[in-house]
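**Student:** Pasting final.cif here (mmCIF, C-alpha atoms):
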data_coords
loop_
_atom_site.label_atom_id
_atom_site.label_comp_id
_atom_site.auth_asym_id
_atom_site.auth_seq_id
_atom_site.Cartn_x
_atom_site.Cartn_y
_atom_site.Cartn_z
CA MET F 941 -26.48 -18.64 -12.29
CA THR F 942 -26.43 -21.57 -14.69
CA ASP F 943 -24.35 -24.67 -13.99
CA ARG F 944 -24.05 -25.40 -17.70
CA VAL F 945 -20.44 -25.34 -18.90
CA ILE F 946 -20.34 -23.12 -21.95
CA GLY F 947 -18.05 -24.18 -24.78
CA GLU F 948 -18.12 -27.85 -23.70
CA GLN F 949 -19.32 -29.05 -27.09
CA GLU F 950 -16.36 -27.60 -28.99
CA ARG F 951 -13.48 -29.94 -29.85
CA GLY F 952 -9.74 -29.64 -29.27
CA ASP F 953 -7.56 -28.83 -26.29
CA ARG F 954 -9.69 -26.82 -23.85
CA LEU F 955 -8.95 -24.70 -20.84
CA GLU F 956 -11.50 -24.53 -18.05
CA VAL F 957 -12.18 -20.93 -17.07
CA ARG F 958 -14.29 -19.90 -14.08
CA VAL F 959 -15.49 -16.33 -14.47
CA TRP F 960 -17.23 -14.16 -11.89
CA ARG F 961 -20.66 -13.08 -13.12
CA GLY F 962 -22.97 -10.49 -11.61
CA ASN F 963 -22.18 -7.85 -9.04
CA ALA F 964 -20.78 -8.30 -5.51
CA HIS F 965 -23.38 -11.01 -4.88
CA GLY F 966 -22.82 -12.93 -8.09
CA ALA F 967 -21.39 -16.39 -8.72
CA PHE F 968 -18.86 -18.15 -10.91
CA GLN F 969 -19.73 -19.42 -14.37
CA THR F 970 -17.59 -22.01 -16.11
CA PHE F 971 -16.46 -21.80 -19.72
CA ARG F 972 -14.22 -23.99 -21.85
CA VAL F 973 -11.91 -22.03 -24.09
CA PRO F 974 -9.52 -23.32 -26.79
CA ARG F 975 -5.88 -23.31 -25.71
CA ARG F 976 -3.59 -21.38 -28.00
CA ASP F 977 0.12 -20.75 -28.03
CA LYS F 978 1.15 -17.49 -26.29
CA GLN F 979 -2.47 -16.88 -25.33
CA THR F 980 -2.95 -14.09 -22.78
CA VAL F 981 -5.61 -14.02 -20.10
CA LEU F 982 -7.18 -11.07 -21.92
CA ASP F 983 -7.30 -13.18 -25.11
CA ILE F 984 -9.26 -15.79 -23.15
CA VAL F 985 -11.75 -13.25 -21.78
CA THR F 986 -12.16 -11.77 -25.25
CA HIS F 987 -12.79 -15.26 -26.70
CA ILE F 988 -15.53 -15.86 -24.12
CA GLN F 989 -17.17 -12.51 -24.83
CA ARG F 990 -16.99 -12.83 -28.62
CA HIS F 991 -17.75 -16.53 -29.07
CA LEU F 992 -19.42 -17.94 -25.95
CA ASP F 993 -21.32 -15.24 -24.08
CA PRO F 994 -21.61 -11.69 -25.47
CA THR F 995 -23.15 -10.47 -22.19
CA LEU F 996 -19.81 -10.81 -20.35
CA ALA F 997 -18.66 -7.40 -19.13
CA TYR F 998 -14.94 -6.62 -18.96
CA ARG F 999 -12.70 -3.70 -19.71
CA PHE F 1000 -9.62 -3.25 -21.87
CA ALA F 1001 -8.10 -0.68 -24.21
CA CYS F 1002 -4.49 -0.81 -25.43
CA ARG F 1003 -3.76 -4.56 -25.07
CA VAL F 1004 -0.02 -3.83 -24.83
CA GLY F 1005 0.48 -2.98 -21.16
CA MET F 1006 0.33 0.79 -21.41
CA CYS F 1007 -3.14 1.87 -20.34
CA GLY F 1008 -3.72 -0.11 -17.13
CA THR F 1009 -7.35 -0.81 -18.02
CA CYS F 1010 -7.57 -4.61 -18.09
CA ALA F 1011 -6.54 -5.45 -14.52
CA MET F 1012 -8.50 -8.19 -12.76
CA THR F 1013 -7.94 -10.91 -10.21
CA VAL F 1014 -6.38 -13.99 -11.85
CA ASN F 1015 -6.25 -17.12 -9.70
CA GLY F 1016 -6.47 -14.98 -6.58
CA ARG F 1017 -3.81 -12.46 -7.56
CA PRO F 1018 -4.36 -9.08 -9.25
CA ARG F 1019 -2.68 -8.88 -12.65
CA TRP F 1020 -2.72 -6.93 -15.91
CA THR F 1021 -4.36 -9.50 -18.12
CA CYS F 1022 -3.08 -8.24 -21.48
CA ARG F 1023 0.49 -9.08 -20.49
CA THR F 1024 -0.24 -12.23 -18.49
CA GLN F 1025 0.23 -15.44 -20.46
CA ALA F 1026 -2.24 -18.18 -19.61
CA ARG F 1027 0.53 -20.79 -19.38
CA ALA F 1028 2.18 -18.72 -16.62
CA VAL F 1029 -0.86 -18.94 -14.36
CA VAL F 1030 -2.44 -22.32 -15.24
CA HIS F 1031 -0.62 -25.39 -14.02
CA ASN F 1032 -1.46 -29.12 -14.15
CA GLY F 1033 -4.90 -28.69 -15.64
CA THR F 1034 -6.20 -26.45 -12.87
CA PRO F 1035 -8.93 -24.05 -13.94
CA LEU F 1036 -8.26 -20.40 -14.61
CA VAL F 1037 -10.29 -18.34 -12.11
CA LEU F 1038 -11.10 -14.76 -13.06
CA GLU F 1039 -12.62 -12.24 -10.66
CA PRO F 1040 -12.92 -8.46 -10.57
CA LEU F 1041 -10.28 -6.47 -8.69
CA ARG F 1042 -10.63 -6.57 -4.92
CA SER F 1043 -11.54 -3.54 -2.77
CA LEU F 1044 -13.47 -1.73 -5.52
CA PRO F 1045 -17.26 -1.85 -6.07
CA VAL F 1046 -18.19 -4.43 -8.72
CA ILE F 1047 -20.34 -2.93 -11.46
CA ARG F 1048 -20.84 -6.18 -13.34
CA ASP F 1049 -18.84 -9.34 -14.00
CA LEU F 1050 -15.16 -8.29 -14.30
CA VAL F 1051 -15.77 -4.54 -14.33
CA VAL F 1052 -15.20 -2.52 -11.18
CA ASP F 1053 -16.00 1.10 -10.42
CA MET F 1054 -12.62 2.88 -10.44
CA ALA F 1055 -14.03 6.10 -8.93
CA PRO F 1056 -12.90 5.35 -5.32
CA PHE F 1057 -9.40 4.60 -6.63
CA PHE F 1058 -9.09 7.92 -8.46
CA ASP F 1059 -10.81 9.83 -5.64
CA LYS F 1060 -7.93 8.71 -3.44
CA TRP F 1061 -5.43 9.99 -5.99
CA ALA F 1062 -7.11 13.38 -5.65
CA ASP F 1063 -7.19 13.09 -1.84
CA ALA F 1064 -3.44 12.37 -1.78
CA ARG F 1065 -2.93 15.60 -3.70
CA GLY F 1066 -1.10 13.93 -6.55
CA ARG F 1067 -1.66 16.75 -9.03
CA PHE F 1068 1.21 18.98 -10.13
CA VAL F 1069 1.18 22.58 -8.93
CA PRO F 1070 3.81 24.67 -10.76
CA ARG F 1071 6.23 26.54 -8.53
CA GLU F 1072 6.43 29.35 -11.06
CA THR F 1073 4.65 30.24 -14.25
CA GLN F 1074 6.05 29.29 -17.63
CA GLN F 1075 6.70 32.98 -18.31
CA ALA F 1076 8.57 33.40 -15.02
CA ALA F 1077 10.67 30.31 -15.73
CA GLY F 1078 11.46 31.72 -19.17
CA ALA F 1079 12.45 35.09 -17.73
CA ARG F 1080 14.66 33.40 -15.14
CA ALA F 1081 16.34 31.31 -17.83
CA ALA F 1082 16.99 34.48 -19.81
CA ARG F 1083 18.56 36.17 -16.78
CA ASN F 1084 20.84 33.17 -16.25
CA ALA F 1085 23.04 34.08 -19.21
CA GLU F 1086 21.02 32.26 -21.81
CA PRO F 1087 21.82 33.37 -25.38
CA GLU F 1088 19.78 36.35 -26.43
CA GLY F 1089 16.32 35.37 -27.54
CA ALA F 1090 16.54 31.86 -26.08
CA ALA F 1091 13.84 32.59 -23.53
CA GLN F 1092 11.38 33.17 -26.34
CA GLU F 1093 11.60 29.53 -27.40
CA PRO F 1094 8.80 27.53 -25.76
CA ALA F 1095 11.04 24.53 -25.03
CA ARG F 1096 13.43 26.72 -23.05
CA ALA F 1097 10.62 28.28 -21.06
CA PHE F 1098 10.00 25.05 -19.13
CA ALA F 1099 11.70 24.53 -15.79
CA ARG F 1100 14.40 22.00 -16.49
CA VAL F 1101 15.60 19.37 -14.03
CA ALA F 1102 18.73 17.59 -15.24
CA PRO F 1103 18.00 13.87 -15.85
CA GLU F 1104 21.14 12.80 -14.00
CA SER F 1105 20.45 14.94 -10.92
CA ALA F 1106 19.48 13.31 -7.62
CA GLU F 1107 16.24 15.32 -7.55
CA ARG F 1108 15.22 14.08 -10.96
CA ARG F 1109 16.08 10.46 -10.20
CA ALA F 1110 14.04 10.61 -6.98
CA ALA F 1111 11.01 11.97 -8.83
CA ASP F 1112 11.44 9.55 -11.74
CA ALA F 1113 11.51 6.48 -9.49
CA ALA F 1114 7.76 6.63 -8.87
CA ILE F 1115 6.52 8.34 -12.01
CA GLU F 1116 5.70 5.50 -14.41
CA CYS F 1117 2.46 4.35 -12.76
CA ILE F 1118 -0.20 3.34 -15.32
CA ASN F 1119 -3.13 3.57 -12.84
CA CYS F 1120 -4.07 -0.08 -13.28
CA ALA F 1121 -5.08 -0.45 -9.58
CA VAL F 1122 -3.34 -3.83 -9.34
CA CYS F 1123 -1.52 -2.63 -6.19
CA PHE F 1124 -4.82 -1.34 -4.80
CA GLY F 1125 -6.42 -4.77 -5.26
CA ALA F 1126 -3.38 -6.51 -3.76
CA CYS F 1127 -3.18 -4.41 -0.59
CA ASP F 1128 -4.70 -5.95 2.54
CA VAL F 1129 -4.75 -2.61 4.35
CA VAL F 1130 -6.88 -1.15 1.55
CA ALA F 1131 -9.28 -4.05 2.10
CA TRP F 1132 -9.36 -3.42 5.86
CA ARG F 1133 -9.51 0.37 5.98
CA ALA F 1134 -11.93 2.28 3.76
CA ASP F 1135 -10.13 5.56 4.48
CA TYR F 1136 -6.63 4.33 3.54
CA LEU F 1137 -5.30 6.22 0.53
CA GLY F 1138 -3.64 3.11 -0.85
CA PRO F 1139 -0.30 2.45 -2.57
CA ALA F 1140 -0.96 4.07 -5.96
CA ALA F 1141 -2.12 7.42 -4.58
CA LEU F 1142 0.73 7.51 -2.06
CA ASN F 1143 3.23 6.54 -4.75
CA ARG F 1144 2.01 9.48 -6.83
CA ALA F 1145 2.25 11.76 -3.77
CA TRP F 1146 5.87 10.66 -3.32
CA ALA F 1147 6.63 11.62 -6.94
CA ALA F 1148 5.04 15.04 -6.34
CA TRP F 1149 6.97 15.44 -3.08
CA ASN F 1150 10.24 14.81 -4.94
CA ASP F 1151 9.41 17.12 -7.85
CA VAL F 1152 11.45 20.29 -7.30
CA ARG F 1153 9.20 22.15 -9.75
CA ASP F 1154 6.16 21.49 -7.52
CA GLY F 1155 5.09 24.57 -5.63
CA ALA F 1156 2.84 22.86 -3.08
CA ARG F 1157 4.97 20.11 -1.59
CA GLY F 1158 3.86 21.08 1.91
CA ALA F 1159 0.29 20.35 0.88
CA VAL F 1160 1.37 16.87 -0.28
CA LEU F 1161 2.71 16.05 3.16
CA GLU F 1162 -0.40 17.41 4.86
CA ALA F 1163 -2.58 15.31 2.56
CA VAL F 1164 -0.73 12.07 3.27
CA ALA F 1165 -0.48 12.78 7.03
CA ARG F 1166 -4.22 12.65 7.57
CA GLU F 1167 -6.03 9.67 9.09
CA GLY F 1168 -5.67 6.86 6.55
CA GLY F 1169 -2.48 8.39 5.14
CA CYS F 1170 0.99 6.95 4.61
CA GLN F 1171 1.35 5.97 8.28
CA THR F 1172 -1.46 3.42 7.77
CA CYS F 1173 0.76 1.22 5.54
CA HIS F 1174 1.99 -1.99 7.19
CA THR F 1175 4.83 -2.57 4.72
CA HIS F 1176 3.36 -5.89 3.57
CA ARG F 1177 4.93 -5.18 0.15
CA SER F 1178 2.04 -6.72 -1.78
CA CYS F 1179 1.99 -3.58 -3.96
CA ALA F 1180 5.66 -3.88 -4.87
CA GLU F 1181 5.27 -7.63 -5.43
CA THR F 1182 2.38 -7.23 -7.88
CA CYS F 1183 3.11 -3.92 -9.64
CA PRO F 1184 3.16 -4.87 -13.34
CA VAL F 1185 5.56 -2.08 -14.32
CA GLY F 1186 8.02 -2.84 -11.54
CA LEU F 1187 7.44 0.19 -9.33
CA ASP F 1188 7.97 -0.07 -5.58
CA PRO F 1189 5.13 1.84 -3.89
CA THR F 1190 6.21 0.46 -0.51
CA TRP F 1191 9.53 2.27 -0.90
CA SER F 1192 7.68 5.47 -1.89
CA ILE F 1193 5.45 5.18 1.19
CA ALA F 1194 8.51 4.60 3.38
CA GLY F 1195 9.93 7.84 2.00
CA LEU F 1196 6.71 9.66 2.86
CA LYS F 1197 6.83 8.18 6.37
CA ARG F 1198 10.37 9.52 6.83
CA ALA F 1199 9.35 12.96 5.60
CA LEU F 1200 6.26 12.87 7.83
CA THR F 1201 8.32 11.89 10.89
CA ARG F 1202 10.72 14.78 10.31
CA ALA F 1203 7.84 17.22 9.85
CA VAL F 1204 6.10 16.10 13.06
CA LEU F 1205 9.34 16.32 15.06
CA LYS F 1206 9.96 19.82 13.70
CA GLY F 1207 6.40 20.80 14.56
CA ASP F 1208 5.40 21.48 10.96
CA ILE F 1209 2.59 18.89 11.18
CA ALA F 1210 0.50 18.36 14.30
CA MET O 349 -3.71 6.54 13.53
CA SER O 350 -2.78 10.18 13.57
CA ALA O 351 0.63 11.38 12.39
CA ARG O 352 1.56 12.21 15.97
CA LYS O 353 0.70 8.72 17.22
CA PHE O 354 2.66 7.23 14.33
CA VAL O 355 5.76 9.16 15.33
CA LEU O 356 5.20 8.34 19.00
CA GLN O 357 5.03 4.65 18.16
CA ARG O 358 8.26 4.91 16.14
CA LEU O 359 10.05 6.75 18.95
CA THR O 360 8.96 4.20 21.55
CA ALA O 361 10.06 1.42 19.19
CA ALA O 362 13.48 3.06 18.90
CA LEU O 363 13.64 3.25 22.67
CA LEU O 364 12.41 -0.31 23.24
CA ALA O 365 14.90 -1.92 20.84
CA PRO O 366 18.01 -1.33 23.04
CA LEU O 367 15.98 -1.82 26.23
CA VAL O 368 14.87 -5.28 25.07
CA LEU O 369 18.47 -6.21 24.21
CA LEU O 370 19.68 -4.99 27.60
CA HIS O 371 16.83 -6.86 29.31
CA LEU O 372 17.68 -10.12 27.50
CA GLY O 373 21.40 -9.65 28.14
CA GLY O 374 20.63 -8.98 31.80
CA ILE O 375 18.66 -12.22 32.07
CA VAL O 376 21.47 -14.26 30.49
CA TRP O 377 23.92 -12.67 32.89
CA ALA O 378 21.64 -12.99 35.94
CA VAL O 379 20.85 -16.71 35.56
CA GLN O 380 24.54 -17.51 35.95
CA GLY O 381 24.01 -17.00 39.68
CA GLY O 382 20.87 -19.11 39.91
CA LEU O 383 17.17 -18.65 39.20
CA ALA O 384 15.77 -18.65 42.74
CA ALA O 385 13.44 -15.77 43.62
CA GLU O 386 15.69 -14.79 46.48
CA ASP O 387 18.67 -14.43 44.12
CA ILE O 388 16.70 -12.20 41.78
CA LEU O 389 15.20 -10.08 44.54
CA ALA O 390 18.61 -9.67 46.14
CA ARG O 391 19.75 -7.88 43.02
CA THR O 392 16.61 -5.80 42.41
CA ARG O 393 15.72 -4.66 45.95
CA GLY O 394 16.74 -1.09 46.51
CA SER O 395 18.28 -0.73 43.05
CA LEU O 396 17.12 2.62 41.73
CA ALA O 397 18.96 2.04 38.45
CA LEU O 398 17.02 -1.16 37.74
CA ALA O 399 13.79 0.49 38.89
CA ALA O 400 14.33 3.43 36.51
CA PHE O 401 15.31 1.07 33.67
CA TYR O 402 12.17 -1.06 34.01
CA ALA O 403 9.89 1.93 34.69
CA VAL O 404 10.96 3.47 31.36
CA PHE O 405 10.61 0.03 29.74
CA ALA O 406 7.07 -0.45 31.07
CA CYS O 407 5.91 3.02 30.05
CA ALA O 408 7.43 2.79 26.55
CA ALA O 409 5.90 -0.66 26.03
CA ALA O 410 2.50 0.57 27.25
CA VAL O 411 2.48 3.52 24.81
CA HIS O 412 3.80 1.43 21.91
CA ALA O 413 1.37 -1.44 22.46
CA ALA O 414 -1.65 0.82 22.98
CA ILE O 415 -1.12 2.55 19.64
CA GLY O 416 -0.70 -0.82 17.95
CA VAL O 417 -3.84 -2.21 19.59
CA GLU O 418 -5.81 0.82 18.40
CA THR O 419 -4.69 0.06 14.85
CA VAL O 420 -5.76 -3.57 15.22
CA PHE O 421 -9.19 -2.45 16.46
CA ARG O 422 -9.57 -0.07 13.51
CA GLU O 423 -8.62 -2.71 10.97
CA TRP O 424 -10.21 -5.84 12.37
CA THR O 425 -13.33 -4.67 14.21
CA ARG O 426 -16.29 -2.41 13.54
CA LEU O 427 -15.42 -0.09 16.42
CA THR O 428 -15.60 3.62 15.68
CA ALA O 429 -12.35 5.60 15.68
CA ARG O 430 -13.24 7.20 19.01
CA ALA O 431 -14.17 3.88 20.68
CA ALA O 432 -10.98 2.22 19.39
CA ALA O 433 -8.89 5.11 20.73
CA TRP O 434 -10.52 4.98 24.16
CA ILE O 435 -10.26 1.21 24.56
CA ALA O 436 -6.64 1.29 23.41
CA ALA O 437 -5.86 4.14 25.83
CA LEU O 438 -7.39 2.18 28.72
CA PHE O 439 -5.35 -0.86 27.66
CA GLY O 440 -2.20 1.27 27.66
CA VAL O 441 -2.92 2.71 31.10
CA ALA O 442 -3.60 -0.79 32.47
CA LEU O 443 -0.36 -2.06 30.94
CA ALA O 444 1.65 0.82 32.41
CA LEU O 445 0.08 0.36 35.85
CA LEU O 446 0.78 -3.38 35.85
CA GLY O 447 4.37 -2.79 34.76
CA LEU O 448 5.02 -0.04 37.30
CA ARG O 449 3.40 -2.13 40.04
CA ALA O 450 5.82 -4.95 39.23
CA VAL O 451 8.76 -2.51 39.32
CA LEU O 452 7.64 -1.25 42.74
CA ALA O 453 7.22 -4.83 43.99
CA VAL O 454 10.71 -6.02 43.06
CA THR O 455 12.38 -2.80 44.20
CA TRP O 456 10.67 -2.01 47.47
CA GLY O 457 8.40 -5.03 48.05
#
How does the structure come out when it is put into structure tokens?
**Tutor:**
Amino acid sequence: MTDRVIGEQERGDRLEVRVWRGNAHGAFQTFRVPRRDKQTVLDIVTHIQRHLDPTLAYRFACRVGMCGTCAMTVNGRPRWTCRTQARAVVHNGTPLVLEPLRSLPVIRDLVVDMAPFFDKWADARGRFVPRETQQAAGARAARNAEPEGAAQEPARAFARVAPESAERRAADAAIECINCAVCFGACDVVAWRADYLGPAALNRAWAAWNDVRDGARGAVLEAVAREGGCQTCHTHRSCAETCPVGLDPTWSIAGLKRALTRAVLKGDIA
Amino acid sequence: MSARKFVLQRLTAALLAPLVLLHLGGIVWAVQGGLAAEDILARTRGSLALAAFYAVFACAAAVHAAIGVETVFREWTRLTARAAAWIAALFGVALALLGLRAVLAVTWG
């Protein structure tokens, strides 16, 4: 990899940016990027790719913190780069260091292969399995003294869980994950154990476990009780500390551990 | 670790927490009368209550520590799951034997 600092010749206030290039066996390359007010880390990466080196590989989509696509390691800590201001992570003229997310295979530069992350979502059985069909829910609603004809309306045919109910609040607490894998990159146990499901998948499993409409909650507990399941978490809280949308996967995993303990003591899980 | 070992480690932790407090409290109380070996042995010799207390303590600690050591092996070494489980089990057995031997020594030695 070249030692030449790219962007050196340009004038004005510059920020030194060290960017990982290549795959797992790559090296850092240094760029100098103009400083701008309210500049995000993603703005900096985009400037490098558009003006200094078009071969730089990185990933982004929405740029407003909704899609979870642009996560990478910024100065040693995983972050969503579209909502991370450069001035919040660069202090006293230190360089900005950008690396791909930890614990996922590096495809090239700042792009990682997300397949293992989503495979673990599937392994944790995070998908929704309806407890009853839409038609059955509609028929039940009709039986429960709904006005005549109400069950024919599609909106009324859905199983409804009151927003203020305890069941709904428990399910809602873990639901807003944007699949950015920041927690996955932050977790030491993920780095140590290849079979660990990781905080995002377990957080999703906790949401499914709390969803009273889910018809396969037993399967959720069996999925997270396997080797590498929720019991593998050490409660380091790195996931909760770094989650960009403020979720607390550690709390979700603790809930799964409690449910797992009860199930083992009752003999439901061996 | 398996779900069963996880629960076993939690149960032994729940058991060890009061035992450790009682053990520490017992030490604070016991040193009031002096720290000589004869003073300690005078209290422990023939005491079935103390023997039972420390036998449970040693066994709970052995189980708890062995499960923890297995986890450390799985996370920090390249041992296979089976090798880690066997080494940890041997460690637990050794720990229990050492603890029970000490209980026997201060009770009937």
**Student:** What's the 10 Å shell around Phe405 of chain O, counting only C-alpha atoms, without same-chain residues fewer than 5 positions away, as a ChimeraX atom specification?
**Tutor:** /O:360,363-364,367-368,371,399-400,410,444,447-448
**Student:** Could you list, as a short mmCIF file (atom, residue, chain, number, x, y, z; two decimals) with C-alpha atoms, in the frame of the given file, every residue of chain O that has an atom within 9 Å of an atom of chain F, counting all atoms listed in the file?
**Tutor:**
data_model
loop_
_atom_site.label_atom_id
_atom_site.label_comp_id
_atom_site.auth_asym_id
_atom_site.auth_seq_id
_atom_site.Cartn_x
_atom_site.Cartn_y
_atom_site.Cartn_z
CA MET O 349 -3.71 6.54 13.53
CA SER O 350 -2.78 10.18 13.57
CA ALA O 351 0.63 11.38 12.39
CA ARG O 352 1.56 12.21 15.97
CA PHE O 354 2.66 7.23 14.33
CA VAL O 355 5.76 9.16 15.33
CA ARG O 358 8.26 4.91 16.14
CA THR O 419 -4.69 0.06 14.85
CA ARG O 422 -9.57 -0.07 13.51
CA GLU O 423 -8.62 -2.71 10.97
CA TRP O 424 -10.21 -5.84 12.37
#
**Student:** Grab the atom CA of Thr995 of chain F to atom CA of Gln979 of chain F distance for me, in Å with one decimal place.
**Tutor:**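 Interatomic distance here is 21.9 Å.
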**Student:** Would you translate the PyMOL selection byres ((chain F and resi 1112) around 12) into the concrete set of residues it matches in this file, as a PyMOL selection string?
**Tutor:** chain F and resi 1101-1111+1113-1117+1143-1144+1146-1152+1187-1188+1192
**Student:** Please compute the atom CA of Thr455 of chain O-atom CA of Phe401 of chain O distance, one decimal, in Å.
**Tutor:**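 The value is 11.6 Å.
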**Student:** For atom CA of Ala1121 of chain F and atom CA of Phe1057 of chain F, quote the distance in Å rounded to one decimal.
**Tutor:**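 Going from atom CA of Ala1121 of chain F over to atom CA of Phe1057 of chain F covers 7.3 Å.
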**Student:** To verify the selection step, state as number ranges by chain which residues the PyMOL selection byres ((chain F and resi 1016) around 9) yields on this input.
**Tutor:** F: 1013-1015, 1017-1018, 1037-1039
